[in-house]
file start20.cif (mmCIF, C-alpha atoms)
data_work
#
loop_
_atom_site.group_PDB
_atom_site.id
_atom_site.type_symbol
_atom_site.label_atom_id
_atom_site.label_comp_id
_atom_site.auth_asym_id
_atom_site.auth_seq_id
_atom_site.Cartn_x
_atom_site.Cartn_y
_atom_site.Cartn_z
ATOM 1 C CA MET A 1 10.893 -5.381 -8.409
ATOM 2 C CA VAL A 2 10.562 -4.093 -4.855
ATOM 3 C CA PHE A 3 12.962 -1.228 -5.495
ATOM 4 C CA ALA A 4 11.172 -0.370 -8.737
ATOM 5 C CA ALA A 5 7.842 -0.249 -6.885
ATOM 6 C CA LEU A 6 9.338 1.968 -4.193
ATOM 7 C CA ALA A 7 10.790 4.302 -6.823
ATOM 8 C CA ALA A 8 7.420 4.369 -8.590
ATOM 9 C CA ILE A 9 5.765 5.414 -5.321
ATOM 10 C CA GLY A 10 8.028 8.457 -5.290
ATOM 11 C CA ALA A 11 7.176 9.231 -8.904
ATOM 12 C CA GLY A 12 3.471 8.832 -8.126
ATOM 13 C CA LEU A 13 3.754 11.205 -5.189
ATOM 14 C CA GLU A 14 5.442 13.732 -7.467
ATOM 15 C CA ALA A 15 2.566 13.368 -9.936
ATOM 16 C CA ALA A 16 0.106 13.848 -7.065
ATOM 17 C CA LEU A 17 1.897 17.010 -6.018
ATOM 18 C CA ASP A 18 1.783 18.323 -9.591
ATOM 19 C CA ALA A 19 -1.937 17.541 -9.774
ATOM 20 C CA ALA A 20 -2.589 19.262 -6.447
ATOM 21 C CA GLU A 21 -0.788 22.379 -7.701
ATOM 22 C CA HIS A 22 -2.635 22.159 -11.053
ATOM 23 C CA HIS A 23 0.599 21.762 -13.018
ATOM 24 C CA GLY A 24 0.092 18.148 -14.074
ATOM 25 C CA HIS A 25 -1.488 16.846 -17.246
ATOM 26 C CA LEU A 26 -2.735 13.595 -15.732
ATOM 27 C CA SER A 27 -6.340 13.022 -14.698
ATOM 28 C CA VAL A 28 -7.198 12.901 -11.001
ATOM 29 C CA ARG A 29 -7.974 9.183 -11.208
ATOM 30 C CA GLY A 30 -4.732 8.554 -13.083
ATOM 31 C CA THR A 31 -2.833 10.446 -10.430
ATOM 32 C CA GLY A 32 -4.471 8.420 -7.652
ATOM 33 C CA LEU A 33 -3.597 5.199 -9.437
ATOM 34 C CA ALA A 34 -0.029 6.419 -10.035
ATOM 35 C CA VAL A 35 0.367 6.266 -6.252
ATOM 36 C CA ALA A 36 -1.910 3.308 -5.464
ATOM 37 C CA VAL A 37 -0.593 0.730 -7.935
ATOM 38 C CA PRO A 38 3.062 0.905 -6.813
ATOM 39 C CA VAL A 39 1.972 0.789 -3.155
ATOM 40 C CA VAL A 40 -0.099 -2.328 -3.831
ATOM 41 C CA ILE A 41 2.763 -3.954 -5.742
ATOM 42 C CA ALA A 42 5.212 -3.207 -2.926
ATOM 43 C CA ILE A 43 2.845 -4.553 -0.252
ATOM 44 C CA LEU A 44 2.106 -7.770 -2.124
ATOM 45 C CA ILE A 45 5.697 -8.453 -3.184
ATOM 46 C CA LEU A 46 7.064 -7.840 0.311
ATOM 47 C CA GLU A 47 4.392 -10.108 1.772
ATOM 48 C CA ALA A 48 5.280 -12.842 -0.720
ATOM 49 C CA LEU A 49 9.011 -12.481 -0.043
ATOM 50 C CA HIS A 50 8.464 -12.673 3.711
ATOM 51 C CA ARG A 51 6.308 -15.751 3.258
ATOM 52 C CA VAL A 52 8.825 -17.524 1.004
ATOM 53 C CA THR A 53 11.852 -16.751 3.172
ATOM 54 C CA ARG A 54 9.934 -17.221 6.446
ATOM 55 C CA THR A 55 11.303 -13.962 7.813
ATOM 56 C CA GLY A 56 9.624 -10.860 9.085
ATOM 57 C CA ALA A 57 6.048 -10.508 10.190
ATOM 58 C CA VAL A 58 3.997 -12.888 8.087
ATOM 59 C CA GLY A 59 0.347 -12.662 8.989
ATOM 60 C CA PRO A 60 -2.708 -13.956 7.157
ATOM 61 C CA THR A 61 -2.565 -13.439 3.409
ATOM 62 C CA LEU A 62 -6.194 -12.334 3.453
ATOM 63 C CA LEU A 63 -5.326 -9.438 5.771
ATOM 64 C CA VAL A 64 -2.559 -8.154 3.505
ATOM 65 C CA SER A 65 -4.681 -8.682 0.394
ATOM 66 C CA ALA A 66 -7.565 -6.753 1.959
ATOM 67 C CA GLY A 67 -5.226 -3.865 2.805
ATOM 68 C CA ALA A 68 -3.924 -3.838 -0.761
ATOM 69 C CA LEU A 69 -7.495 -3.834 -2.079
ATOM 70 C CA VAL A 70 -8.374 -0.851 0.132
ATOM 71 C CA VAL A 71 -5.353 1.060 -1.189
ATOM 72 C CA LEU A 72 -6.336 0.277 -4.777
ATOM 73 C CA THR A 73 -9.941 1.328 -4.113
ATOM 74 C CA LEU A 74 -8.696 4.638 -2.717
ATOM 75 C CA GLY A 75 -6.701 5.140 -5.898
ATOM 76 C CA PHE A 76 -9.850 4.732 -7.976
ATOM 77 C CA SER A 77 -11.797 7.054 -5.664
ATOM 78 C CA ALA A 78 -9.376 9.968 -6.057
ATOM 79 C CA PRO A 79 -11.903 12.028 -8.074
ATOM 80 C CA ALA A 80 -14.376 11.863 -5.172
ATOM 81 C CA LEU A 81 -11.848 12.313 -2.363
ATOM 82 C CA GLY A 82 -9.411 14.633 -4.083
ATOM 83 C CA VAL A 83 -5.799 13.690 -4.669
ATOM 84 C CA GLY A 84 -4.698 14.723 -1.188
ATOM 85 C CA GLY A 85 -7.490 12.802 0.520
ATOM 86 C CA ALA A 86 -6.826 9.689 -1.540
ATOM 87 C CA VAL A 87 -3.080 9.751 -0.843
ATOM 88 C CA LEU A 88 -3.716 10.332 2.874
ATOM 89 C CA GLY A 89 -6.168 7.428 2.894
ATOM 90 C CA MET A 90 -3.641 5.189 1.146
ATOM 91 C CA GLY A 91 -1.021 5.983 3.758
ATOM 92 C CA LEU A 92 -3.457 5.310 6.585
ATOM 93 C CA ALA A 93 -4.630 2.068 4.971
ATOM 94 C CA ALA A 94 -1.060 0.844 4.478
ATOM 95 C CA ALA A 95 -0.206 1.741 8.094
ATOM 96 C CA ALA A 96 -3.348 0.006 9.379
ATOM 97 C CA THR A 97 -2.518 -3.097 7.346
ATOM 98 C CA LEU A 98 0.994 -3.212 8.766
ATOM 99 C CA THR A 99 -0.266 -2.641 12.314
ATOM 100 C CA ALA A 100 -2.925 -5.353 12.042
ATOM 101 C CA ASN A 101 -0.394 -7.742 10.521
ATOM 102 C CA LEU A 102 2.137 -7.134 13.305
ATOM 103 C CA PHE A 103 -0.563 -7.446 15.963
ATOM 104 C CA THR A 104 -1.724 -10.765 14.494
ATOM 105 C CA VAL A 105 1.809 -12.148 14.323
ATOM 106 C CA ARG A 106 2.599 -11.059 17.885
ATOM 107 C CA HIS A 107 -0.688 -12.512 19.156
ATOM 108 C CA ARG A 108 0.100 -15.849 17.482
ATOM 109 C CA ALA A 109 3.630 -15.873 18.949
ATOM 110 C CA GLU A 110 2.325 -15.268 22.481
ATOM 111 C CA GLY A 111 -0.261 -18.024 22.087
ATOM 112 C CA ARG A 112 2.338 -20.695 21.299
#

call {"tool": "encode", "arguments": {"input": "start20.cif", "output": "structure tokens"}}
result
Amino acid sequence: MVFAALAAIGAGLEAALDAAEHHGHLSVRGTGLAVAVPVVIAILILEALHRVTRTGAVGPTLLVSAGALVVLTLGFSAPALGVGGAVLGMGLAAAATLTANLFTVRHRAEGR
């Protein structure tokens, strides 16, 4: 499932590129969601796998869920932001979620 989500991210980025060059037949919102949904699936599945196996940086579930919700919201807001702006925002939101998660985990480890 993780590999399928990662492959779908690549396909979504290709659809976004086609939409940006006006070669695609998908709506702007559909293009934004073609990128956002696989990113959200990958984030949530990786978080669940890390939690189950007790490996990696496992921070608060609320933090990861909030990051996934921001990415999904950016996918829906692609008509207002443009495809490029929405995809850039998704990348920044995913990076901010990862950074906040790692910071939280490191802060907890130093406190123990």

call {"tool": "resolve_selection", "arguments": {"input": "start20.cif", "expression": "the PyMOL selection byres ((chain A and resi 42-56) around 6)", "output": "short mmCIF file (atom, residue, chain, number, x, y, z; two decimals) with C-alpha atoms, keeping the file's coordinate frame"}}
result
data_model
loop_
_atom_site.label_atom_id
_atom_site.label_comp_id
_atom_site.auth_asym_id
_atom_site.auth_seq_id
_atom_site.Cartn_x
_atom_site.Cartn_y
_atom_site.Cartn_z
CA VAL A 2 10.56 -4.09 -4.86
CA ALA A 5 7.84 -0.25 -6.88
CA VAL A 39 1.97 0.79 -3.16
CA VAL A 40 -0.10 -2.33 -3.83
CA ILE A 41 2.76 -3.95 -5.74
CA ALA A 57 6.05 -10.51 10.19
#

call {"tool": "closest_atom_pairs", "arguments": {"input": "start20.cif", "of": "stretch 35-109 of chain A", "to": "stretch 11-26 of chain A", "cutoff": "10 Å", "atoms": "all atoms listed in the file", "output": "CSV"}}
result
residue,atom,partner,partner_atom,distance
A:Val35,CA,A:Gly12,CA,4.4
A:Ala36,CA,A:Gly12,CA,8.2
A:Val37,CA,A:Gly12,CA,9.1
A:Pro38,CA,A:Gly12,CA,8.0
A:Val39,CA,A:Gly12,CA,9.6
A:Gly82,CA,A:Ala20,CA,8.6
A:Val83,CA,A:Ala16,CA,6.4
A:Gly84,CA,A:Ala20,CA,7.3
A:Ala86,CA,A:Ala16,CA,9.8
A:Val87,CA,A:Ala16,CA,8.1

call {"tool": "closest_residue", "arguments": {"input": "start20.cif", "among": "A:Val64, A:Leu102, A:Met1, A:Val70", "to": "A:Met90", "atoms": "only C-alpha atoms"}}
result
A:Val70

call {"tool": "axis_aligned_box", "arguments": {"input": "start20.cif", "around": "stretch 45-61 of chain A", "padding_each_side": "8 Å", "output": "AutoDock Vina command-line options"}}
result
--center_x 4.6 --center_y -12.7 --center_z 3.5 --size_x 30.6 --size_y 25.7 --size_z 29.4

call {"tool": "atom_distance", "arguments": {"input": "start20.cif", "atom1": "atom CA of A:Leu74", "atom2": "atom CA of A:Ala94"}}
result
11.2 Å

call {"tool": "atom_distance", "arguments": {"input": "start20.cif", "atom1": "atom CA of A:Ser77", "atom2": "atom CA of A:Phe103"}}
result
28.4 Å

call {"tool": "residues_around", "arguments": {"input": "start20.cif", "residues": "A:Ala100", "least_positions_apart": "5", "cutoff": "10 Å", "atoms": "all atoms listed in the file", "output": "list in words"}}
result
Gly59, Pro60, Leu63, Val64, Gly67, Ala94, Ala95, Val105 and Arg106 of chain A

call {"tool": "atom_distance", "arguments": {"input": "start20.cif", "atom1": "atom CA of A:Val71", "atom2": "atom CA of A:His107"}}
result
24.9 Å

call {"tool": "closest_residue", "arguments": {"input": "start20.cif", "among": "A:Ala109, A:Leu98, A:Leu72, A:Leu88", "to": "A:Arg29", "atoms": "only C-alpha atoms"}}
result
A:Leu72

call {"tool": "decode", "arguments": {"input": "start20.cif", "residues": "stretch 3-26 of chain A", "atoms": "N, CA, C and O atoms", "output": "compact mmCIF listing (two decimals), in the first residue's frame"}}
result
# COMPACT_ATOMS: atom_id res chain seq x y z
N PHE A 3 3.92 1.55 -1.22
CA PHE A 3 4.55 1.71 -2.53
C PHE A 3 3.52 2.16 -3.57
O PHE A 3 3.85 2.93 -4.48
N ALA A 4 2.30 1.70 -3.45
CA ALA A 4 1.25 2.14 -4.38
C ALA A 4 0.97 3.63 -4.19
O ALA A 4 0.79 4.35 -5.17
N ALA A 5 0.95 4.08 -2.93
CA ALA A 5 0.72 5.51 -2.67
C ALA A 5 1.87 6.34 -3.22
O ALA A 5 1.65 7.41 -3.81
N LEU A 6 3.09 5.86 -3.05
CA LEU A 6 4.24 6.59 -3.56
C LEU A 6 4.23 6.65 -5.09
O LEU A 6 4.56 7.68 -5.69
N ALA A 7 3.84 5.55 -5.72
CA ALA A 7 3.73 5.55 -7.18
C ALA A 7 2.60 6.49 -7.64
O ALA A 7 2.74 7.18 -8.65
N ALA A 8 1.52 6.52 -6.88
CA ALA A 8 0.40 7.41 -7.22
C ALA A 8 0.79 8.87 -7.07
O ALA A 8 0.26 9.73 -7.78
N ILE A 9 1.70 9.17 -6.14
CA ILE A 9 2.19 10.55 -6.02
C ILE A 9 2.88 10.96 -7.32
O ILE A 9 2.66 12.06 -7.83
N GLY A 10 3.69 10.07 -7.85
CA GLY A 10 4.36 10.35 -9.12
C GLY A 10 3.37 10.56 -10.26
O GLY A 10 3.52 11.46 -11.08
N ALA A 11 2.34 9.72 -10.29
CA ALA A 11 1.32 9.87 -11.33
C ALA A 11 0.55 11.19 -11.14
O ALA A 11 0.23 11.87 -12.12
N GLY A 12 0.29 11.56 -9.90
CA GLY A 12 -0.39 12.82 -9.63
C GLY A 12 0.45 14.01 -10.03
O GLY A 12 -0.06 15.00 -10.56
N LEU A 13 1.75 13.93 -9.78
CA LEU A 13 2.64 15.01 -10.20
C LEU A 13 2.69 15.13 -11.73
O LEU A 13 2.76 16.24 -12.27
N GLU A 14 2.63 14.01 -12.40
CA GLU A 14 2.58 14.03 -13.87
C GLU A 14 1.28 14.68 -14.35
O GLU A 14 1.29 15.48 -15.29
N ALA A 15 0.18 14.37 -13.69
CA ALA A 15 -1.09 15.00 -14.03
C ALA A 15 -1.05 16.50 -13.75
O ALA A 15 -1.59 17.30 -14.53
N ALA A 16 -0.38 16.89 -12.67
CA ALA A 16 -0.24 18.31 -12.35
C ALA A 16 0.59 19.03 -13.40
O ALA A 16 0.28 20.16 -13.79
N LEU A 17 1.64 18.37 -13.87
CA LEU A 17 2.46 18.96 -14.92
C LEU A 17 1.66 19.12 -16.21
O LEU A 17 1.73 20.16 -16.87
N ASP A 18 0.87 18.11 -16.55
CA ASP A 18 0.03 18.20 -17.74
C ASP A 18 -0.98 19.34 -17.60
O ASP A 18 -1.24 20.07 -18.56
N ALA A 19 -1.55 19.49 -16.42
CA ALA A 19 -2.52 20.57 -16.20
C ALA A 19 -1.85 21.93 -16.28
O ALA A 19 -2.42 22.88 -16.82
N ALA A 20 -0.64 22.03 -15.76
CA ALA A 20 0.08 23.31 -15.80
C ALA A 20 0.44 23.70 -17.23
O ALA A 20 0.46 24.88 -17.57
N GLU A 21 0.69 22.70 -18.07
CA GLU A 21 1.02 22.96 -19.47
C GLU A 21 -0.22 22.97 -20.36
O GLU A 21 -0.10 23.07 -21.58
N HIS A 22 -1.39 22.84 -19.76
CA HIS A 22 -2.68 22.86 -20.46
C HIS A 22 -2.82 21.71 -21.46
O HIS A 22 -3.44 21.86 -22.50
N HIS A 23 -2.22 20.56 -21.13
CA HIS A 23 -2.37 19.38 -21.97
C HIS A 23 -3.30 18.35 -21.35
O HIS A 23 -3.68 17.40 -22.00
N GLY A 24 -3.62 18.52 -20.08
CA GLY A 24 -4.43 17.53 -19.38
C GLY A 24 -5.92 17.75 -19.58
O GLY A 24 -6.38 18.82 -19.97
N HIS A 25 -6.67 16.70 -19.31
CA HIS A 25 -8.13 16.76 -19.46
C HIS A 25 -8.81 16.65 -18.10
O HIS A 25 -10.01 16.44 -18.04
N LEU A 26 -8.06 16.83 -17.04
CA LEU A 26 -8.58 16.73 -15.69
C LEU A 26 -8.81 18.13 -15.15
O LEU A 26 -8.05 19.06 -15.48
